[in-house]
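**Q** Before I ask anything, let me first share the structure, which is written out below as structure tokens.
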Amino acid sequence: MNHPQESAAPALRRLLDLLASGAATEDFADVLAGARRRGAPAAVLAEIDDATWQALRVHRTLRQHRRREAELTALFDTAGDLAASRELDTVLQAIVRRARMLLGTDTAYLTLPDEAAGDTYMRVTDGSVSVLFQTLRLSLGDGLGGLVAQTARPYATPDYRTDERFHHTGTIDAGVLDEGLVAIIGVPLLLGGQVIGVLFAADRSPRAFSPDEVALLCTLAAHAAIALDTAKSLADTRAALAELNAANELVRAHAAAVQRAEQAHDRLTDLVLRGAEVPDVAAAVAALLDGDIAVLDADGEPLAGRSAPAAELAGAVTASRTEGRSVRHGELWVCAVLAGHDTLGTLVLRGRPDLDDADRRLFERAGVVTALLLLLRRSVAETENRVRGELLTDLLSAPDRDPAGLTARGRRLGVDLARPHLVLVAEPAEPDGPSGPDRGRLAGAARRYLFGSRGVSAEHGEAVVLLVPVEAGAAEDPEETARQAAERLARQAGFPVTVGAGRPSAGPAALATSYAEGLRCVRALRVLGRAGEGASARSLGFLGVLLGDGHDVDGFVGATLGPLLAYDARRGTELVRTLRAYFDCGGSLTRAKDELHVHVNTVVQRLDRVEALLGRDWNHPERSLELQLALRLQLLAGG
């Protein structure tokens, strides 16, 4: 029989203790069972039963609150990850791990589309043990993920293998089977209404996912979408910043190049205005470009720097002139120096195999400045040459009228007539006519030939006369100077030119005499069929003796018989006497041996030696005539 003092208070206190300690649900039922065992009254049992039911409701509510608190904590942590701007892989990995933890699933994973491949791939997995599953690629529209992506709605299946709502494929099913998954839930990652991926949670045993779990996974998916969007925005921002930095660098580099080009132009222009010469400009350009600069004239002759073979550069110069830009030629850079369509020269840069655009423009600008300098110098030279040409014309027309006045006048013009000069007389190889070469073009070629020297040229009579200072090169050798002048004047004028050189002379009268000698050489060359060549009186052999005012007999004899005279002096032989006897006897060996009182074989041997020393043509008519004249002149001179 129950004790009247029995009440429900102890049981109620026990239920409160269980709630406070978070005991399991089964522990609450033990309180009512214990009261029954003690024989508590029906009213007390009813009260305890009602209190137990209320305690279980509170227990469930507390459990839901704790779970909700854990979910909120996870969401706050995820939001914190995003706010901390951690790496995208780290944020996505944390989201997938929290999805797995909060839903209590065996695995969780996230897939993203691969626009290049046209399918989707596993971006992040957590809890996966299958390599096949981790490397799985899904075609668009296939599997549960394809259904989620197509509808932009979450889908859950308690048993993937038997669910027919989505399209099964052998590849996907093999991966799911290898991972051992059964229950799967997938929710879309939405960004602006567009599905950019799918977040999954899965169990290896059948399971029904509650609406709260679906909602929770959708929230995590929203965070993942934000992370992806943030990462894309950051990537776009970094790319934009990189492009902006590159653009700024380009602008700065361009500004620096423009400033450098302006400074270089100012420096070069200042050199020109201060009267600098071509070598000065070449040295400045070489310093600016850190290379070696050579400046060649229109004929390829060096004006400054190291010479370059004109023939090898011809193609590059033509290309530069055609393109209007500098061109690369092997390890060299070549820039034609142009004034309109007229090629004034060439710039050649060594030591810089590669030129950036800024340095290339600087090199080309140097070509423009060089053209300006050459035009200025040409203009000055033409003006000076015109004034000096009047002096030369007066000197050739009336040298005896006022020699002292001519000499003083020349000194004022920078032409020292008292110093030795070589007189060159140049004529077109063909006579002027309606369609023949123009003597004016030859006069222009003569001015260019003398450009940079203290020489003078002028049209006089039918010829163009050049007065070349002996210091101006190979002027000491009239023959070589005449030959080179004929070649260069022909190139510059565009037609063959005949050049005759008088002997080096000083003073108005002697120079006029030298001019007359050069003019006779020109006419002799024309008569001999050698128009278009250059020669001096001495190089014309016996004709030079006849044409030259100095009648250089000793020079002619030495040039003609020199090898024989030297041999006789060195060996004590009689080659010259034998040759004279041979010619005196009309070329008869028999008569010559009687004249010399030697055996005929001795005459033959001596003449063989003459041939070895003078050449096989010694007995040809023209050469024979020169030898006989030289022998006569030597005999007259007492040789």
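Chain labels A, B, ... are given in the sequence in which chains occur in the structure tokens; within each chain residues are numbered consecutively from 1, and ligands are likewise numbered from 1 in the order shown.
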Write down as an mmCIF file with N, CA and C atoms, in the first residue's frame the residues of segment 41-196 of chain A whose backbone DSSP state falls under strand (DSSP E).

**A**
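Just written: out32.cif:
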data_model
loop_
_atom_site.group_PDB
_atom_site.id
_atom_site.type_symbol
_atom_site.label_atom_id
_atom_site.label_comp_id
_atom_site.auth_asym_id
_atom_site.auth_seq_id
_atom_site.Cartn_x
_atom_site.Cartn_y
_atom_site.Cartn_z
ATOM 1 N N THR A 107 30.805 11.339 -46.807
ATOM 2 C CA THR A 107 31.632 12.121 -47.735
ATOM 3 C C THR A 107 30.859 13.342 -48.200
ATOM 4 N N ALA A 108 31.598 14.300 -48.714
ATOM 5 C CA ALA A 108 31.008 15.484 -49.345
ATOM 6 C C ALA A 108 31.964 15.921 -50.450
ATOM 7 N N TYR A 109 31.417 16.537 -51.492
ATOM 8 C CA TYR A 109 32.255 16.939 -52.612
ATOM 9 C C TYR A 109 31.562 18.065 -53.383
ATOM 10 N N LEU A 110 32.359 18.713 -54.266
ATOM 11 C CA LEU A 110 31.855 19.846 -55.028
ATOM 12 C C LEU A 110 32.368 19.717 -56.463
ATOM 13 N N THR A 111 31.473 19.899 -57.427
ATOM 14 C CA THR A 111 31.848 19.822 -58.841
ATOM 15 C C THR A 111 31.665 21.182 -59.497
ATOM 16 N N LEU A 112 32.533 21.458 -60.483
ATOM 17 C CA LEU A 112 32.467 22.707 -61.241
ATOM 18 C C LEU A 112 32.515 22.393 -62.731
ATOM 19 N N PRO A 113 31.922 23.248 -63.553
ATOM 20 C CA PRO A 113 31.976 23.006 -65.001
ATOM 21 C C PRO A 113 33.341 23.360 -65.577
ATOM 22 N N ASP A 114 33.738 22.600 -66.591
ATOM 23 C CA ASP A 114 34.965 22.874 -67.340
ATOM 24 C C ASP A 114 34.538 23.348 -68.725
ATOM 25 N N ASP A 119 32.454 19.678 -69.893
ATOM 26 C CA ASP A 119 31.895 18.757 -68.914
ATOM 27 C C ASP A 119 32.133 19.335 -67.527
ATOM 28 N N THR A 120 31.911 18.512 -66.486
ATOM 29 C CA THR A 120 32.162 18.960 -65.113
ATOM 30 C C THR A 120 33.184 18.019 -64.477
ATOM 31 N N TYR A 121 33.847 18.503 -63.430
ATOM 32 C CA TYR A 121 34.896 17.717 -62.795
ATOM 33 C C TYR A 121 34.839 17.916 -61.283
ATOM 34 N N MET A 122 35.467 16.983 -60.569
ATOM 35 C CA MET A 122 35.529 17.056 -59.111
ATOM 36 C C MET A 122 36.521 18.139 -58.698
ATOM 37 N N ARG A 123 35.987 19.231 -58.125
ATOM 38 C CA ARG A 123 36.862 20.333 -57.705
ATOM 39 C C ARG A 123 37.449 20.073 -56.322
ATOM 40 N N VAL A 124 36.587 19.632 -55.354
ATOM 41 C CA VAL A 124 37.027 19.363 -53.981
ATOM 42 C C VAL A 124 36.276 18.147 -53.465
ATOM 43 N N THR A 125 36.953 17.254 -52.741
ATOM 44 C CA THR A 125 36.286 16.113 -52.088
ATOM 45 C C THR A 125 36.764 16.031 -50.640
ATOM 46 N N ASP A 126 35.891 15.465 -49.772
ATOM 47 C CA ASP A 126 36.257 15.239 -48.373
ATOM 48 C C ASP A 126 35.652 13.919 -47.934
ATOM 49 N N ARG A 137 34.781 12.572 -64.177
ATOM 50 C CA ARG A 137 34.302 13.709 -64.972
ATOM 51 C C ARG A 137 32.921 13.358 -65.490
ATOM 52 N N LEU A 138 32.010 14.308 -65.393
ATOM 53 C CA LEU A 138 30.607 14.056 -65.726
ATOM 54 C C LEU A 138 30.210 14.918 -66.913
ATOM 55 N N SER A 139 29.595 14.281 -67.890
ATOM 56 C CA SER A 139 29.063 15.046 -69.008
ATOM 57 C C SER A 139 27.860 15.852 -68.533
ATOM 58 N N TYR A 155 18.336 18.193 -55.162
ATOM 59 C CA TYR A 155 17.760 16.851 -55.267
ATOM 60 C C TYR A 155 18.490 15.950 -54.276
ATOM 61 N N ALA A 156 17.678 15.022 -53.687
ATOM 62 C CA ALA A 156 18.237 14.039 -52.749
ATOM 63 C C ALA A 156 17.668 12.677 -53.093
ATOM 64 N N THR A 157 18.485 11.666 -52.948
ATOM 65 C CA THR A 157 18.031 10.300 -53.199
ATOM 66 C C THR A 157 18.499 9.415 -52.062
ATOM 67 N N ALA A 183 23.167 6.931 -50.463
ATOM 68 C CA ALA A 183 22.318 8.121 -50.335
ATOM 69 C C ALA A 183 23.128 9.356 -50.722
ATOM 70 N N ILE A 184 22.559 10.175 -51.620
ATOM 71 C CA ILE A 184 23.267 11.372 -52.116
ATOM 72 C C ILE A 184 22.302 12.541 -52.155
ATOM 73 N N ILE A 185 22.794 13.714 -51.746
ATOM 74 C CA ILE A 185 22.046 14.949 -51.879
ATOM 75 C C ILE A 185 22.922 15.954 -52.607
ATOM 76 N N GLY A 186 22.344 16.662 -53.571
ATOM 77 C CA GLY A 186 23.079 17.676 -54.316
ATOM 78 C C GLY A 186 22.293 18.968 -54.374
ATOM 79 N N VAL A 187 22.977 20.108 -54.174
ATOM 80 C CA VAL A 187 22.323 21.423 -54.228
ATOM 81 C C VAL A 187 23.137 22.316 -55.163
ATOM 82 N N PRO A 188 22.450 23.240 -55.871
ATOM 83 C CA PRO A 188 23.152 24.073 -56.854
ATOM 84 C C PRO A 188 23.910 25.232 -56.207
ATOM 85 N N LEU A 189 25.011 25.609 -56.818
ATOM 86 C CA LEU A 189 25.700 26.844 -56.488
ATOM 87 C C LEU A 189 25.197 27.895 -57.466
ATOM 88 N N LEU A 190 24.402 28.824 -56.953
ATOM 89 C CA LEU A 190 23.736 29.807 -57.803
ATOM 90 C C LEU A 190 24.433 31.153 -57.699
ATOM 91 N N LEU A 191 24.609 31.780 -58.856
ATOM 92 C CA LEU A 191 25.184 33.120 -58.904
ATOM 93 C C LEU A 191 24.456 33.897 -59.991
ATOM 94 N N GLN A 194 22.329 31.743 -62.257
ATOM 95 C CA GLN A 194 23.060 30.780 -63.087
ATOM 96 C C GLN A 194 23.761 29.761 -62.195
ATOM 97 N N VAL A 195 23.656 28.478 -62.587
ATOM 98 C CA VAL A 195 24.295 27.401 -61.838
ATOM 99 C C VAL A 195 25.771 27.362 -62.231
ATOM 100 N N ILE A 196 26.647 27.570 -61.225
ATOM 101 C CA ILE A 196 28.086 27.568 -61.496
ATOM 102 C C ILE A 196 28.776 26.368 -60.875
#

**Q** Find, counting only C-alpha atoms, the residue in A:Pro206, A:Gly118, A:Pro478, A:Gly367 that gets nearest to Pro158 of chain A.

**A**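 Selected residue with least distance to Pro158 of chain A: A:Pro206.
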
**Q** Closest to Gln93 of chain A among A:Leu220, A:Leu406, A:Leu373, A:Ala426, using only C-alpha atoms?

**A**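 Looking at the shortest contact to Gln93 of chain A, the residue is A:Leu220.
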
**Q** Got a sec: who's within 9 Å of segment 8-14 of chain A, counting only C-alpha atoms, leaving out chain neighbours fewer than 3 positions off, as an MDAnalysis selection string?

**A** chainID A and resid 17:19 28 31:32 34:35 40 43:45 47:48 51:52

**Q** Please determine, counting only C-alpha atoms, which residue among A:Arg365, A:Arg483, A:Arg204, A:His59 has the shortest atom-to-atom distance to Arg260 of chain A.

**A**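 Under the stated criterion, the closest residue is A:Arg365.
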
**Q** Leaving out segment 315-326 of chain A and any residue of its chain fewer than 6 positions from it, which residues lie within 12 Å of it when counting only C-alpha atoms, given as an mmCIF file with C-alpha atoms, in the first residue's frame?

**A**
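Writing done, so here's selection_30.cif:
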data_model
loop_
_atom_site.group_PDB
_atom_site.id
_atom_site.type_symbol
_atom_site.label_atom_id
_atom_site.label_comp_id
_atom_site.auth_asym_id
_atom_site.auth_seq_id
_atom_site.Cartn_x
_atom_site.Cartn_y
_atom_site.Cartn_z
ATOM 1 C CA LEU A 296 79.930 56.328 -95.982
ATOM 2 C CA ASP A 297 79.393 58.743 -98.832
ATOM 3 C CA ALA A 298 77.229 58.013 -101.854
ATOM 4 C CA ASP A 299 80.076 56.002 -103.425
ATOM 5 C CA GLY A 300 80.716 53.938 -100.324
ATOM 6 C CA PRO A 309 82.694 46.929 -98.191
ATOM 7 C CA LEU A 332 75.095 45.245 -88.874
ATOM 8 C CA TRP A 333 72.335 47.852 -89.067
ATOM 9 C CA VAL A 334 72.236 49.947 -92.243
ATOM 10 C CA CYS A 335 70.392 53.226 -92.785
ATOM 11 C CA ALA A 336 70.413 55.107 -96.093
ATOM 12 C CA VAL A 337 71.043 58.841 -95.681
ATOM 13 C CA LEU A 338 68.450 60.417 -97.956
ATOM 14 C CA ALA A 339 67.508 63.886 -99.140
ATOM 15 C CA GLY A 340 64.313 63.334 -101.082
ATOM 16 C CA HIS A 341 65.180 60.732 -103.713
ATOM 17 C CA ASP A 342 68.892 61.535 -103.567
ATOM 18 C CA THR A 343 71.112 59.148 -101.623
ATOM 19 C CA LEU A 344 73.757 61.191 -99.849
ATOM 20 C CA GLY A 345 75.413 58.323 -98.007
ATOM 21 C CA THR A 346 74.950 55.457 -95.570
ATOM 22 C CA LEU A 347 75.097 54.946 -91.803
ATOM 23 C CA VAL A 348 76.443 51.572 -90.627
ATOM 24 C CA LEU A 349 76.048 50.480 -86.990
ATOM 25 C CA LEU A 355 67.888 47.232 -81.601
ATOM 26 C CA ASP A 357 62.158 50.344 -81.494
ATOM 27 C CA ASP A 359 67.084 52.810 -80.484
ATOM 28 C CA ARG A 360 66.140 51.994 -84.051
ATOM 29 C CA ARG A 361 64.252 55.286 -84.340
ATOM 30 C CA LEU A 362 67.242 57.050 -82.799
ATOM 31 C CA PHE A 363 69.524 55.447 -85.396
ATOM 32 C CA GLU A 364 67.183 56.558 -88.176
ATOM 33 C CA ARG A 365 66.976 60.065 -86.714
ATOM 34 C CA ALA A 366 70.773 60.156 -86.824
ATOM 35 C CA GLY A 367 70.458 59.434 -90.552
ATOM 36 C CA VAL A 368 68.204 62.481 -90.947
#

**Q** Measuring between only C-alpha atoms, which one of A:Val182, A:Ala506, A:Ala283, A:Ala463 shows the shortest distance to Arg207 of chain A?

**A**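 Of all the options, A:Val182 lies closest to Arg207 of chain A.
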
**Q** I'd like the contact shell of Gly455 of chain A - 7 Å cut-off, only C-alpha atoms, skipping same-chain residues fewer than 2 positions apart - returned as a PyMOL selection string.

**A** chain A and resi 450+453+457+467-469

**Q** Taking only C-alpha atoms into account, name the residue in A:Leu396, A:Leu102, A:Leu132, A:Ala482 that is nearest to Leu424 of chain A.

**A**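 That would be A:Ala482, the residue with the smallest distance to Leu424 of chain A.
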
**Q** Taking only segment 82-115 of chain A into account, list the residues labelled helix (DSSP H, G or I) by DSSP (computed from the backbone), as a list of chain:residue names.

**A**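 Filtering segment 82-115 of chain A down to helix (DSSP H, G or I) leaves A:Leu82, A:Ala83, A:Leu88, A:Asp89, A:Thr90, A:Val91, A:Leu92, A:Gln93, A:Ala94, A:Ile95, A:Val96, A:Arg97, A:Arg98, A:Ala99, A:Arg100, A:Met101, A:Leu102, A:Leu103.
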
**Q** Restricting the calculation to only C-alpha atoms, which member of A:Ala149, A:Leu181, A:Ala231, A:Ala512 is positioned closest to Phe133 of chain A?

**A**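 For Phe133 of chain A, the nearest of the given residues is A:Leu181.
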
**Q** If I take atom CA of Asn619 of chain A and atom CA of Thr590 of chain A, how far is one from the other in Å, to one decimal?

**A** 17.3 Å

**Q** I'd like the neighbourhood of Phe495 of chain A as a list of chain:residue names, where a residue qualifies if any of its atoms comes within 9 Å (using only C-alpha atoms), though same-chain residues fewer than 4 positions away should be ignored.

**A**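 Residues near the query, excluding close chain neighbours: A:Pro428, A:Ala429, A:Glu430, A:Pro437, A:Leu442, A:Leu489, A:Ala490, A:Arg491, A:Gly532.
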
**Q** Output all heavy atoms for every residue in the selection just made, as a PDB file, in the first residue's frame.

**A**
ATOM      1  N   PRO A 428      83.785  63.670-120.702  1.00  0.00           N
ATOM      2  CA  PRO A 428      82.961  62.494-120.984  1.00  0.00           C
ATOM      3  C   PRO A 428      83.636  61.620-122.027  1.00  0.00           C
ATOM      4  O   PRO A 428      84.279  62.136-122.959  1.00  0.00           O
ATOM      5  CB  PRO A 428      81.642  63.076-121.501  1.00  0.00           C
ATOM      6  CG  PRO A 428      81.624  64.480-120.973  1.00  0.00           C
ATOM      7  CD  PRO A 428      83.060  64.920-120.930  1.00  0.00           C
ATOM      8  N   ALA A 429      83.552  60.307-121.863  1.00  0.00           N
ATOM      9  CA  ALA A 429      84.196  59.404-122.810  1.00  0.00           C
ATOM     10  C   ALA A 429      83.592  59.523-124.194  1.00  0.00           C
ATOM     11  O   ALA A 429      84.246  59.238-125.201  1.00  0.00           O
ATOM     12  CB  ALA A 429      84.086  57.959-122.317  1.00  0.00           C
ATOM     13  N   GLU A 430      82.333  59.975-124.274  1.00  0.00           N
ATOM     14  CA  GLU A 430      81.680  60.214-125.552  1.00  0.00           C
ATOM     15  C   GLU A 430      81.427  61.709-125.684  1.00  0.00           C
ATOM     16  O   GLU A 430      81.134  62.379-124.686  1.00  0.00           O
ATOM     17  CB  GLU A 430      80.358  59.450-125.629  1.00  0.00           C
ATOM     18  CG  GLU A 430      80.530  57.943-125.519  1.00  0.00           C
ATOM     19  CD  GLU A 430      79.182  57.228-125.559  1.00  0.00           C
ATOM     20  OE1 GLU A 430      78.171  57.921-125.819  1.00  0.00           O
ATOM     21  OE2 GLU A 430      79.162  56.023-125.322  1.00  0.00           O
ATOM     22  N   PRO A 437      76.155  62.289-122.755  1.00  0.00           N
ATOM     23  CA  PRO A 437      76.311  62.710-121.362  1.00  0.00           C
ATOM     24  C   PRO A 437      76.440  64.223-121.260  1.00  0.00           C
ATOM     25  O   PRO A 437      76.973  64.895-122.123  1.00  0.00           O
ATOM     26  CB  PRO A 437      77.588  61.999-120.929  1.00  0.00           C
ATOM     27  CG  PRO A 437      77.768  60.888-121.907  1.00  0.00           C
ATOM     28  CD  PRO A 437      77.189  61.362-123.198  1.00  0.00           C
ATOM     29  N   LEU A 442      78.916  65.944-115.124  1.00  0.00           N
ATOM     30  CA  LEU A 442      80.303  65.663-114.791  1.00  0.00           C
ATOM     31  C   LEU A 442      80.838  66.712-113.828  1.00  0.00           C
ATOM     32  O   LEU A 442      81.593  66.398-112.893  1.00  0.00           O
ATOM     33  CB  LEU A 442      81.151  65.625-116.067  1.00  0.00           C
ATOM     34  CG  LEU A 442      82.654  65.375-115.886  1.00  0.00           C
ATOM     35  CD1 LEU A 442      82.899  64.096-115.109  1.00  0.00           C
ATOM     36  CD2 LEU A 442      83.355  65.326-117.242  1.00  0.00           C
ATOM     37  N   LEU A 489      84.406  59.253-110.781  1.00  0.00           N
ATOM     38  CA  LEU A 489      83.616  60.226-111.531  1.00  0.00           C
ATOM     39  C   LEU A 489      82.603  59.518-112.433  1.00  0.00           C
ATOM     40  O   LEU A 489      81.478  59.998-112.612  1.00  0.00           O
ATOM     41  CB  LEU A 489      84.541  61.119-112.362  1.00  0.00           C
ATOM     42  CG  LEU A 489      85.402  62.107-111.566  1.00  0.00           C
ATOM     43  CD1 LEU A 489      86.385  62.817-112.482  1.00  0.00           C
ATOM     44  CD2 LEU A 489      84.518  63.128-110.843  1.00  0.00           C
ATOM     45  N   ALA A 490      82.992  58.374-112.993  1.00  0.00           N
ATOM     46  CA  ALA A 490      82.056  57.615-113.833  1.00  0.00           C
ATOM     47  C   ALA A 490      80.873  57.122-113.004  1.00  0.00           C
ATOM     48  O   ALA A 490      79.717  57.173-113.451  1.00  0.00           O
ATOM     49  CB  ALA A 490      82.786  56.450-114.496  1.00  0.00           C
ATOM     50  N   ARG A 491      81.154  56.620-111.777  1.00  0.00           N
ATOM     51  CA  ARG A 491      80.055  56.152-110.925  1.00  0.00           C
ATOM     52  C   ARG A 491      79.114  57.300-110.551  1.00  0.00           C
ATOM     53  O   ARG A 491      77.903  57.153-110.548  1.00  0.00           O
ATOM     54  CB  ARG A 491      80.610  55.510-109.656  1.00  0.00           C
ATOM     55  CG  ARG A 491      81.241  54.161-109.848  1.00  0.00           C
ATOM     56  CD  ARG A 491      81.323  53.394-108.527  1.00  0.00           C
ATOM     57  NE  ARG A 491      82.023  54.147-107.504  1.00  0.00           N
ATOM     58  CZ  ARG A 491      83.336  54.074-107.291  1.00  0.00           C
ATOM     59  NH1 ARG A 491      84.087  53.297-108.048  1.00  0.00           N
ATOM     60  NH2 ARG A 491      83.899  54.785-106.310  1.00  0.00           N
ATOM     61  N   GLY A 532      87.521  56.606-121.380  1.00  0.00           N
ATOM     62  CA  GLY A 532      86.931  56.041-120.175  1.00  0.00           C
ATOM     63  C   GLY A 532      87.967  55.578-119.177  1.00  0.00           C
ATOM     64  O   GLY A 532      87.617  55.026-118.139  1.00  0.00           O
TER      65      GLY A 532
END
